[in-house]
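data02.csv (CSV, C-alpha atoms) appears below.
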chain,number,residue,atom,x,y,z
A,1,ALA,CA,0.0,0.0,0.0
A,2,ALA,CA,2.9,2.4,0.7
A,3,PRO,CA,4.3,2.4,-2.9
A,4,ALA,CA,0.9,3.2,-4.2
A,5,ALA,CA,0.6,6.2,-2.0
A,6,GLY,CA,4.1,7.3,-3.1
A,7,GLU,CA,3.1,6.9,-6.7
A,8,ALA,CA,-0.1,8.9,-6.2
A,9,LYS,CA,1.9,11.9,-4.9
A,10,ARG,CA,4.4,11.9,-7.7
A,11,PRO,CA,2.1,13.1,-10.6
A,12,VAL,CA,0.9,16.0,-8.4
A,13,ALA,CA,4.5,17.3,-7.9
A,14,GLU,CA,5.2,16.9,-11.6
A,15,GLY,CA,2.0,18.8,-12.4
A,16,ALA,CA,3.0,21.6,-10.0
A,17,ALA,CA,6.5,21.7,-11.6
A,18,ALA,CA,5.1,21.9,-15.1
A,19,ALA,CA,2.6,24.6,-14.1
A,20,GLY,CA,5.2,27.0,-12.9
A,21,GLY,CA,8.3,25.5,-11.4
A,22,ASP,CA,8.8,25.3,-7.7
A,23,PRO,CA,5.3,25.3,-6.0
A,24,LYS,CA,6.8,27.3,-3.1
A,25,LYS,CA,7.8,30.2,-5.4
A,26,PRO,CA,5.3,32.9,-6.4
A,27,ARG,CA,3.6,32.2,-9.8
A,28,ASN,CA,4.3,35.6,-11.2
A,29,ASP,CA,7.5,37.5,-10.5
A,30,ASN,CA,5.9,40.8,-11.6
A,31,ASN,CA,3.8,40.7,-8.4
A,32,ASP,CA,6.7,40.6,-6.0
A,33,ALA,CA,6.5,44.4,-5.2
A,34,ASP,CA,2.7,44.1,-4.8
A,35,THR,CA,3.0,41.1,-2.6
A,36,LEU,CA,5.7,42.7,-0.4
A,37,ALA,CA,3.5,45.9,-0.1
A,38,ARG,CA,0.6,43.8,1.1
A,39,MET,CA,2.9,42.0,3.6
A,40,LEU,CA,4.3,45.3,4.8
A,41,VAL,CA,0.9,46.8,5.4
A,42,GLN,CA,-0.3,43.7,7.2
A,43,GLY,CA,2.8,43.9,9.4
A,44,VAL,CA,2.0,47.6,10.2
A,45,VAL,CA,-1.6,46.6,11.1
A,46,ARG,CA,-0.2,44.0,13.5
A,47,VAL,CA,2.1,46.6,15.1
A,48,LEU,CA,-0.9,48.9,15.5
A,49,GLN,CA,-3.1,46.2,16.9
A,50,ASN,CA,-0.4,45.5,19.5
A,51,ARG,CA,-0.2,49.2,20.4
A,52,GLN,CA,-4.0,49.3,20.6
A,53,LYS,CA,-4.0,46.3,23.0
A,54,ALA,CA,-1.4,48.1,25.1
A,55,GLY,CA,-3.6,51.2,25.3
A,56,LYS,CA,-1.2,53.3,23.2
A,57,GLY,CA,-2.5,55.9,20.7
A,58,PRO,CA,-1.5,56.5,17.1
A,59,LEU,CA,2.1,55.6,16.1
A,60,PRO,CA,4.2,58.5,14.9
A,61,ILE,CA,5.5,57.8,11.4
A,62,ALA,CA,9.0,58.6,12.6
A,63,ALA,CA,8.8,55.6,15.0
A,64,LEU,CA,7.1,53.2,12.6
A,65,GLU,CA,10.4,51.7,11.2
A,66,GLU,CA,11.7,51.1,14.8
A,67,GLU,CA,8.5,49.5,16.1
A,68,PHE,CA,8.1,47.4,12.9
A,69,LYS,CA,11.6,46.0,13.3
A,70,ALA,CA,11.1,45.4,17.0
A,71,LEU,CA,8.1,43.2,16.4
A,72,TRP,CA,9.0,41.5,13.1
A,73,LYS,CA,12.9,41.4,13.4
A,74,VAL,CA,13.1,42.6,9.8
A,75,PRO,CA,13.4,46.1,8.4
A,76,PHE,CA,10.4,48.1,7.2
A,77,ASN,CA,11.8,48.3,3.6
A,78,LEU,CA,9.6,50.5,1.4
A,79,GLN,CA,12.1,50.4,-1.4
A,80,GLN,CA,11.6,46.7,-2.0
A,81,ALA,CA,7.8,47.4,-2.4
A,82,GLY,CA,8.6,50.1,-4.9
A,83,GLU,CA,7.8,53.0,-2.5
A,84,LYS,CA,9.8,55.9,-1.2
A,85,ASP,CA,7.5,57.8,1.2
A,86,PRO,CA,5.8,56.0,4.2
A,87,VAL,CA,2.9,58.4,4.3
A,88,THR,CA,2.2,57.9,0.5
A,89,PHE,CA,2.5,54.1,1.0
A,90,LEU,CA,0.2,54.0,4.0
A,91,SER,CA,-2.3,56.3,2.3
A,92,LYS,CA,-2.8,53.6,-0.4
A,93,TRP,CA,-4.4,51.3,2.2
A,94,PRO,CA,-7.4,53.3,3.6
A,95,ASN,CA,-9.3,50.1,4.6
A,96,LYS,CA,-6.4,49.0,6.8
A,97,VAL,CA,-4.7,52.1,8.2
A,98,GLU,CA,-5.1,55.9,8.2
A,99,VAL,CA,-2.5,58.6,8.5
A,100,VAL,CA,-3.6,61.2,11.0
A,101,ASP,CA,-2.2,64.4,12.5
A,102,ASP,CA,-1.7,63.7,16.2
A,103,ASN,CA,-0.9,67.1,17.9
A,104,GLY,CA,1.1,68.2,14.9
A,105,VAL,CA,2.9,64.8,14.4
A,106,GLN,CA,2.1,62.7,11.4
A,107,SER,CA,1.0,59.3,12.8
A,108,VAL,CA,-0.6,56.1,11.6
A,109,GLN,CA,-3.5,54.3,13.3
A,110,LEU,CA,-5.9,51.4,12.4
A,111,SER,CA,-8.6,52.4,10.0
A,112,LYS,CA,-12.0,52.8,11.5
A,113,LYS,CA,-13.5,51.1,8.4
A,114,GLY,CA,-11.6,47.8,8.9
A,115,GLU,CA,-12.1,47.4,12.7
A,116,GLY,CA,-15.2,45.1,12.4
A,117,LYS,CA,-13.5,42.4,10.3
A,118,PRO,CA,-10.7,41.3,12.7
A,119,LYS,CA,-13.2,41.0,15.6
A,120,ALA,CA,-15.5,38.9,13.5
A,121,ALA,CA,-12.6,36.7,12.4
A,122,ALA,CA,-11.4,36.3,16.0
A,123,ALA,CA,-14.9,35.4,17.1
A,124,SER,CA,-15.2,32.7,14.4
A,125,LYS,CA,-11.8,31.3,15.3
A,126,ALA,CA,-12.8,31.1,19.0
A,127,THR,CA,-16.0,29.2,18.2
A,128,VAL,CA,-14.4,26.6,15.8
A,129,PRO,CA,-12.3,24.8,18.5
A,130,ALA,CA,-15.3,24.6,20.8
A,131,ALA,CA,-17.4,23.1,18.0
A,132,THR,CA,-14.7,20.5,17.2
A,133,LEU,CA,-14.5,19.3,20.8

Before anything else, please render the file you have as structure tokens.
Amino acid sequence: AAPAAGEAKRPVAEGAAAAGGDPKKPRNDNNDADTLARMLVQGVVRVLQNRQKAGKGPLPIAALEEEFKALWKVPFNLQQAGEKDPVTFLSKWPNKVEVVDDNGVQSVQLSKKGEGKPKAAAASKATVPAATL
């Protein structure tokens, strides 16, 4: 029975290789900057969520790079995402974050529009384990 299972797996790997090479690599290299931009903004959202849980207010743009690196252990590298200015970059994600003026300091905070979604997702995750028990 074991050889049959091994043989069944082999065509899938060959099909994945024929479709676009290594299945772990992105399908389209042109989307690398877009993918990185999405990852960066999601990383910023997590930084802001942690600040919110700690009772902190909006994050000054000047401190964003430092707090991002403290949480993720990687630099907040806008250049790899094809961007130069953090305010311009963050302004492209109005459903995730918003750039605000906090007493004369440009800061970023979680968008009011997107706040309902994470809570709904967290609630559904909390109910799934209970249902499986």

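Among the candidates A:Gly82, A:Gly104, A:Pro75, A:Pro58, the one nearest to Arg38 of chain A when counting all atoms listed in the file is A:Gly82.
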
List as a VMD selection string the residues having at least one atom at most 12 Å from position (-2.0, 53.2, 9.5) as given in the file, counting all atoms listed in the file. chain A and resid 40 to 49 51 to 52 57 to 61 64 86 to 101 106 to 114

Go ahead and compute the interatomic distance for atom CA of Asn50 of chain A and atom CA of Glu65 of chain A, in Å to one decimal.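 Atom CA of Asn50 of chain A sits 15.0 Å away from atom CA of Glu65 of chain A.
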
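Considering all atoms listed in the file, the residue among A:Asn103, A:Gln80, A:Asp85, A:Phe68 positioned nearest to Asn31 of chain A is A:Gln80.
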
For atom CA of Ala70 of chain A and atom CA of Leu36 of chain A, the interatomic separation in Å (one decimal): 18.4 Å

Ranking A:Ala54, A:Leu71, A:Asp102, A:Glu83 by minimum distance to Ala37 of chain A and counting only C-alpha atoms, which one comes first?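 Of all the options, A:Glu83 lies closest to Ala37 of chain A.
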